[in-house]
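Student: Got a structure for you, target_8.cif, holding mmCIF, C-alpha atoms.
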```cif
data_target
loop_
_atom_site.label_atom_id
_atom_site.label_comp_id
_atom_site.auth_asym_id
_atom_site.auth_seq_id
_atom_site.Cartn_x
_atom_site.Cartn_y
_atom_site.Cartn_z
CA MET A 20 -8.41 29.22 7.33
CA SER A 21 -6.79 26.01 8.48
CA PHE A 22 -7.12 22.44 7.35
CA GLY A 23 -6.84 19.36 9.50
CA PRO A 24 -4.50 16.50 8.67
CA ILE A 25 -5.17 14.89 5.29
CA PRO A 26 -7.41 11.80 5.79
CA TRP A 27 -5.18 9.42 3.82
CA ALA A 28 -7.49 6.46 4.42
CA ARG A 29 -10.34 8.29 2.68
CA VAL A 30 -8.14 9.57 -0.14
CA HIS A 31 -6.80 6.03 -0.67
CA GLY A 32 -10.27 4.48 -0.53
CA ALA A 33 -11.69 6.96 -3.03
CA SER A 34 -8.78 6.97 -5.48
CA THR A 35 -8.50 3.18 -5.71
CA HIS A 36 -11.88 3.12 -7.47
CA PHE A 37 -10.40 4.95 -10.49
CA PRO A 38 -7.96 2.23 -11.63
CA LEU A 39 -10.46 -0.43 -10.58
CA VAL A 40 -13.42 0.84 -12.60
CA LEU A 41 -11.71 2.82 -15.35
CA GLY A 42 -9.15 0.10 -16.06
CA LEU A 43 -12.02 -2.29 -16.77
CA ALA A 44 -13.85 0.44 -18.73
CA ALA A 45 -10.74 1.04 -20.86
CA LEU A 46 -10.50 -2.69 -21.46
CA ALA A 47 -14.16 -2.87 -22.51
CA CYS A 48 -13.90 0.12 -24.86
CA ASP A 49 -10.71 -1.06 -26.53
CA LEU A 50 -11.95 -4.64 -26.85
CA ALA A 51 -15.09 -3.29 -28.52
CA ALA A 52 -12.89 -1.15 -30.77
CA VAL A 53 -10.88 -4.23 -31.80
CA TRP A 54 -14.05 -6.15 -32.46
CA ARG A 55 -15.71 -3.30 -34.42
CA TRP A 56 -12.45 -2.08 -36.04
CA ASN A 57 -13.95 -1.09 -39.40
CA HIS A 58 -17.20 0.31 -38.05
CA PRO A 59 -17.98 4.02 -37.65
CA GLU A 60 -18.10 3.78 -33.84
CA ALA A 61 -14.51 2.44 -33.59
CA PRO A 62 -12.74 5.86 -33.35
CA GLY A 63 -15.10 6.90 -30.54
CA LEU A 64 -14.47 3.66 -28.68
CA ARG A 65 -10.68 4.10 -29.04
CA SER A 66 -10.91 7.67 -27.71
CA ALA A 67 -12.99 6.48 -24.76
CA GLY A 68 -10.43 3.73 -24.10
CA LEU A 69 -7.59 6.26 -24.17
CA GLY A 70 -9.41 8.61 -21.78
CA ALA A 71 -10.33 5.80 -19.41
CA ILE A 72 -6.81 4.35 -19.15
CA THR A 73 -5.40 7.87 -18.63
CA LEU A 74 -7.73 8.54 -15.71
CA ALA A 75 -7.13 5.02 -14.38
CA ALA A 76 -3.37 5.68 -14.34
CA ALA A 77 -3.84 9.07 -12.67
CA GLY A 78 -6.05 7.45 -10.03
CA ALA A 79 -3.53 4.65 -9.54
CA LEU A 80 -0.76 7.19 -8.86
CA VAL A 81 -2.91 8.98 -6.27
CA ALA A 82 -3.90 5.63 -4.73
CA ALA A 83 -0.26 4.51 -4.46
CA GLY A 84 0.87 7.83 -2.97
CA SER A 85 -1.96 8.01 -0.43
CA GLY A 86 -1.41 4.33 0.44
CA LEU A 87 2.23 5.07 1.24
CA PHE A 88 1.23 7.97 3.49
CA LEU A 89 -1.38 5.73 5.11
CA THR A 90 1.16 3.03 5.98
CA LYS A 91 3.90 5.58 6.83
CA GLY A 92 6.02 4.34 3.96
CA ASP A 93 5.61 0.59 4.44
CA LEU A 94 6.32 -0.67 0.91
CA TRP A 95 5.53 -4.33 1.53
CA GLY A 96 4.38 -5.26 5.05
CA SER A 97 3.21 -8.67 6.13
CA GLY A 98 -0.01 -10.69 6.30
CA THR A 99 -2.93 -9.17 4.38
CA LEU A 100 -1.02 -5.92 3.78
CA GLY A 101 1.78 -7.92 2.18
CA LEU A 102 -0.74 -9.68 -0.08
CA HIS A 103 -2.31 -6.32 -0.98
CA HIS A 104 1.11 -4.93 -1.96
CA ARG A 105 2.06 -8.09 -3.86
CA PHE A 106 -0.69 -7.25 -6.36
CA ALA A 107 -0.83 -3.44 -5.98
CA TRP A 108 2.73 -2.65 -7.13
CA PRO A 109 2.65 -4.76 -10.33
CA ALA A 110 -0.85 -3.39 -11.00
CA LEU A 111 0.44 0.19 -10.70
CA ALA A 112 3.32 -0.57 -13.08
CA MET A 113 1.02 -2.26 -15.61
CA ILE A 114 -1.66 0.47 -15.60
CA VAL A 115 0.84 3.36 -15.83
CA GLY A 116 2.85 1.53 -18.49
CA ALA A 117 -0.34 0.80 -20.46
CA ALA A 118 -1.41 4.45 -20.33
CA VAL A 119 2.01 5.67 -21.52
CA TRP A 120 2.07 3.10 -24.36
CA ARG A 121 -1.49 3.99 -25.36
CA TRP A 122 -0.65 7.71 -25.62
CA LEU A 123 2.56 7.19 -27.57
CA ALA A 124 1.05 4.62 -29.94
CA ARG A 125 -2.32 6.33 -30.44
CA SER A 126 -1.54 7.68 -33.92
CA ARG A 127 -0.16 4.37 -35.26
CA LEU A 128 -2.52 1.82 -33.78
CA SER A 129 -3.25 -1.31 -35.72
CA ARG A 130 -5.92 -3.80 -34.84
CA ALA A 131 -3.32 -6.41 -33.82
CA ARG A 132 -1.37 -3.96 -31.63
CA LEU A 133 -4.54 -2.80 -29.89
CA ALA A 134 -5.53 -6.43 -29.29
CA ARG A 135 -2.12 -7.15 -27.69
CA TYR A 136 -2.48 -3.99 -25.60
CA THR A 137 -5.90 -5.11 -24.30
CA ALA A 138 -4.28 -8.36 -23.13
CA GLY A 139 -1.86 -6.27 -21.06
CA VAL A 140 -4.67 -4.10 -19.68
CA TRP A 141 -6.59 -7.28 -18.77
CA VAL A 142 -3.62 -8.52 -16.73
CA GLY A 143 -3.24 -5.09 -15.11
CA SER A 144 -6.95 -4.91 -14.29
CA MET A 145 -6.94 -8.37 -12.73
CA LEU A 146 -4.00 -7.33 -10.56
CA VAL A 147 -5.96 -4.21 -9.52
CA VAL A 148 -8.99 -6.36 -8.67
CA LEU A 149 -6.86 -8.68 -6.49
CA ALA A 150 -5.13 -5.73 -4.79
CA ALA A 151 -8.56 -4.18 -4.11
CA MET A 152 -9.85 -7.47 -2.70
CA TYR A 153 -7.05 -7.65 -0.11
CA GLY A 154 -7.35 -3.90 0.47
CA GLY A 155 -11.00 -4.45 1.32
CA GLU A 156 -10.01 -7.18 3.78
CA LEU A 157 -7.62 -4.75 5.48
CA LEU A 158 -10.45 -2.22 5.77
CA GLN A 159 -12.78 -4.82 7.23
CA ALA A 160 -10.16 -5.91 9.77
CA ALA A 161 -9.65 -2.30 10.86
CA GLN A 162 -13.36 -1.71 11.53
CA MET B 21 10.48 -2.19 -36.34
CA LYS B 22 12.54 0.10 -34.10
CA GLU B 23 9.78 2.71 -34.24
CA GLU B 24 7.24 0.09 -33.17
CA TRP B 25 9.24 -0.72 -30.01
CA GLN B 26 9.68 2.92 -28.96
CA PRO B 27 6.29 3.26 -27.19
CA PHE B 28 6.84 -0.09 -25.47
CA GLY B 29 10.25 0.96 -24.22
CA ALA B 30 8.84 4.27 -23.00
CA ALA B 31 6.02 2.44 -21.21
CA VAL B 32 8.45 0.10 -19.44
CA PHE B 33 10.63 3.08 -18.51
CA ALA B 34 7.62 5.00 -17.14
CA ALA B 35 6.46 1.99 -15.09
CA ALA B 36 9.97 1.54 -13.68
CA MET B 37 10.19 5.25 -12.82
CA VAL B 38 6.84 5.13 -11.02
CA LEU B 39 7.93 2.13 -8.94
CA ALA B 40 11.27 3.78 -8.18
CA GLY B 41 9.44 6.95 -7.16
CA ALA B 42 7.11 4.95 -4.90
CA ALA B 43 10.11 3.23 -3.29
CA GLY B 44 11.79 6.59 -2.73
CA LEU B 45 8.66 8.11 -1.21
CA GLY B 46 8.21 5.02 0.98
CA HIS B 47 11.76 5.23 2.32
CA ALA B 48 11.41 8.97 2.95
CA LEU B 49 8.15 8.43 4.86
CA GLN B 50 9.66 5.59 6.88
CA ALA B 51 12.65 7.77 7.76
CA ARG B 52 10.35 10.60 8.80
CA ALA B 53 8.21 8.30 10.96
CA MET B 54 11.34 6.98 12.64
CA ARG B 55 12.73 10.49 13.15
CA ASP B 56 9.43 11.62 14.68
CA SER B 57 9.51 8.65 17.01
CA HIS B 58 13.06 9.42 18.08
CA ALA B 59 12.45 13.15 18.32
CA LEU B 60 11.09 12.69 21.83
CA PRO B 61 13.06 14.15 24.75
CA ALA B 62 15.88 11.76 25.66
CA ALA B 63 14.36 11.03 29.04
CA GLY B 64 11.16 9.83 27.39
CA ARG B 65 12.67 7.47 24.85
CA ASN B 66 13.43 4.56 27.13
CA LEU B 67 10.85 3.60 29.70
CA LEU B 68 12.66 0.46 30.64
CA ASP B 69 15.96 0.43 32.48
CA PRO B 70 17.98 -2.53 31.09
CA ARG B 71 18.66 -3.57 34.71
CA GLN B 72 14.91 -4.07 35.18
CA VAL B 73 14.68 -6.65 32.40
CA THR B 74 14.54 -10.12 33.93
CA PRO B 75 13.55 -13.48 32.42
CA ALA B 76 10.38 -13.32 34.54
CA LEU B 77 9.45 -9.91 33.10
CA ILE B 78 10.04 -11.16 29.54
CA LYS B 79 7.90 -14.25 30.27
CA GLN B 80 5.13 -12.04 31.64
CA GLY B 81 5.35 -9.89 28.50
CA SER B 82 5.21 -12.98 26.31
CA GLU B 83 2.01 -14.15 28.03
CA LEU B 84 0.44 -10.71 27.74
CA PHE B 85 1.40 -10.65 24.08
CA LEU B 86 -0.27 -14.01 23.42
CA ASN B 87 -3.45 -12.86 25.18
CA SER B 88 -3.80 -9.39 23.69
CA CYS B 89 -1.61 -8.96 20.63
CA ALA B 90 -1.15 -12.34 18.93
CA HIS B 91 -4.66 -12.22 17.47
CA CYS B 92 -3.58 -9.50 15.01
CA HIS B 93 0.23 -9.64 15.04
CA GLY B 94 0.49 -13.44 14.93
CA ALA B 95 1.57 -15.82 17.70
CA ASP B 96 5.20 -15.47 16.54
CA ALA B 97 4.77 -11.67 16.13
CA ARG B 98 5.72 -12.04 12.47
CA GLY B 99 2.57 -10.17 11.51
CA ASP B 100 -0.86 -11.10 10.26
CA GLU B 101 -3.44 -8.34 10.06
CA GLY B 102 -1.10 -6.18 12.09
CA PRO B 103 2.57 -5.62 11.22
CA ASP B 104 5.61 -7.74 12.03
CA LEU B 105 6.94 -6.62 15.44
CA HIS B 106 10.47 -8.00 15.14
CA ASP B 107 13.38 -5.59 15.43
CA LEU B 108 11.19 -2.57 16.15
CA GLN B 109 13.02 0.68 15.41
CA VAL B 110 10.83 2.86 17.63
CA SER B 111 11.27 4.13 21.15
CA ASP B 112 9.78 2.54 24.27
CA ARG B 113 7.65 5.64 24.64
CA ARG B 114 6.25 5.17 21.16
CA ILE B 115 5.37 1.51 21.88
CA ALA B 116 3.66 2.56 25.12
CA THR B 117 1.71 5.31 23.33
CA VAL B 118 0.50 2.94 20.61
CA VAL B 119 -0.56 0.26 23.13
CA THR B 120 -2.29 2.83 25.34
CA HIS B 121 -3.99 4.99 22.71
CA GLY B 122 -4.14 2.63 19.73
CA ILE B 123 -3.97 3.88 16.14
CA GLU B 124 -7.14 5.35 14.69
CA GLY B 125 -8.69 2.97 12.19
CA GLU B 126 -5.88 0.42 12.61
CA MET B 127 -5.48 -0.72 16.20
CA PRO B 128 -7.66 -0.45 19.33
CA SER B 129 -6.57 1.15 22.60
CA PHE B 130 -5.49 -1.24 25.37
CA ALA B 131 -5.52 1.44 28.08
CA LYS B 132 -8.32 -0.24 30.04
CA LYS B 133 -6.78 -3.68 29.80
CA HIS B 134 -3.10 -2.99 30.42
CA GLY B 135 -1.51 -0.63 32.91
CA HIS B 136 2.03 0.72 33.13
CA ASP B 137 3.57 -2.49 34.50
CA ASP B 138 1.99 -4.63 31.80
CA ILE B 139 3.31 -2.28 29.14
CA LEU B 140 6.83 -2.48 30.56
CA ALA B 141 6.59 -6.27 30.41
CA LEU B 142 5.35 -6.11 26.83
CA ILE B 143 8.22 -3.81 25.86
CA ALA B 144 10.70 -6.15 27.52
CA TYR B 145 9.30 -9.03 25.47
CA LEU B 146 9.15 -7.07 22.21
CA ARG B 147 12.81 -6.08 22.58
CA THR B 148 13.74 -9.77 22.53
CA LEU B 149 12.21 -10.19 19.06
CA ARG B 150 15.09 -9.97 16.57
#
```
So that I can check it, write out the structure of this file as structure tokens.
Tutor:
Amino acid sequence: MSFGPIPWARVHGASTHFPLVLGLAALACDLAAVWRWNHPEAPGLRSAGLGAITLAAAGALVAAGSGLFLTKGDLWGSGTLGLHHRFAWPALAMIVGAAVWRWLARSRLSRARLARYTAGVWVGSMLVVLAAMYGGELLQAAQ
Amino acid sequence: MKEEWQPFGAAVFAAAMVLAGAAGLGHALQARAMRDSHALPAAGRNLLDPRQVTPALIKQGSELFLNSCAHCHGADARGDEGPDLHDLQVSDRRIATVVTHGIEGEMPSFAKKHGHDDILALIAYLRTLR
């Protein structure tokens, strides 16, 4: 059995949806958990937020790796690709950093700390949205 | 207080490691792409004899570039939708292959529009971009 070359464009296109959607989902769950801190649903919301940011970070790593294979290692580029990378690299750092913090701090979360964390995830998610917007423009230009 | 900063420090460290890993992978992939390009038989690397390069050939290449390539690579070849073409580290053969066959999903083929002589002129022009 033999496999053809890995279609990096498809892998990149599919994996970028994980940080895009799950980053926002994690933000929504954790914001709801902050808001409903003393309610019975809060632990469930915090667990959902933790799971979502973990999958978002995993997806972001796959997206970054496949993107590098797609561009043959071009870390920055110019024009629209440069704009895409300008937002994609900080977004990757923010989402992975947020996931690591969330795991390490999960047993000693306070309402204030979770609120500060959601601010960081909001910034990371906005960076992902902007990176995806320019990524979409690249895709459109290639078609 | 120290305990409170531990997860934050670990998060910053993890983010830095991921970016460093991405940079390392990027450089490795770039090196591989360049090695593949230069792995061609020596006779195939250079299509253009330096003695062939004249100001007229470079001018012809510049005009061809403005007509066919500037739309994506920018009029100054500094890149737009396509990459910056200054100081290309690939062989003449590689440039000719890309112009002739294109890159799937990224760049169209110019085989019908430009023949061998046009491609030589384009290469002559591209080699002036530093």
Student: Determine the residue membership of the PyMOL selection byres ((chain B) within 12 of (chain A)) for the file above and supply it as a ChimeraX atom specification.
Tutor: /B:23-56,91-94,97-106,122-128
Student: I'd like the residues picked by the PyMOL selection byres ((chain A and resi 32) around 12) written out as a ChimeraX atom specification, using the chain letters and numbers from the file.
Tutor: /A:26-31,33-39,78-79,81-86,89,151,154-155,157-158
Student: Tell me, in Å to one decimal, how far atom CA of Ala52 of chain A is from atom CA of Ala67 of chain A.
Tutor: 9.7 Å
Student: Using all atoms listed in the file, pick whichever of A:Ala138, A:Ile25, A:Leu74, A:Val147 has the shortest atom-to-atom distance to Asp49 of chain A.
Tutor: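 Looking at the shortest contact to Asp49 of chain A, the residue is A:Ala138.
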Student: In Å, rounded to a single decimal, give me how far atom CA of Gln72 of chain B is from atom CA of Val118 of chain B.
Tutor: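 Computed distance, atom CA of Val118 of chain B to atom CA of Gln72 of chain B, equals 21.7 Å.
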Student: So what do you get for atom CA of Val140 of chain A versus atom CA of Val53 of chain A, distance-wise?
Tutor: 13.6 Å
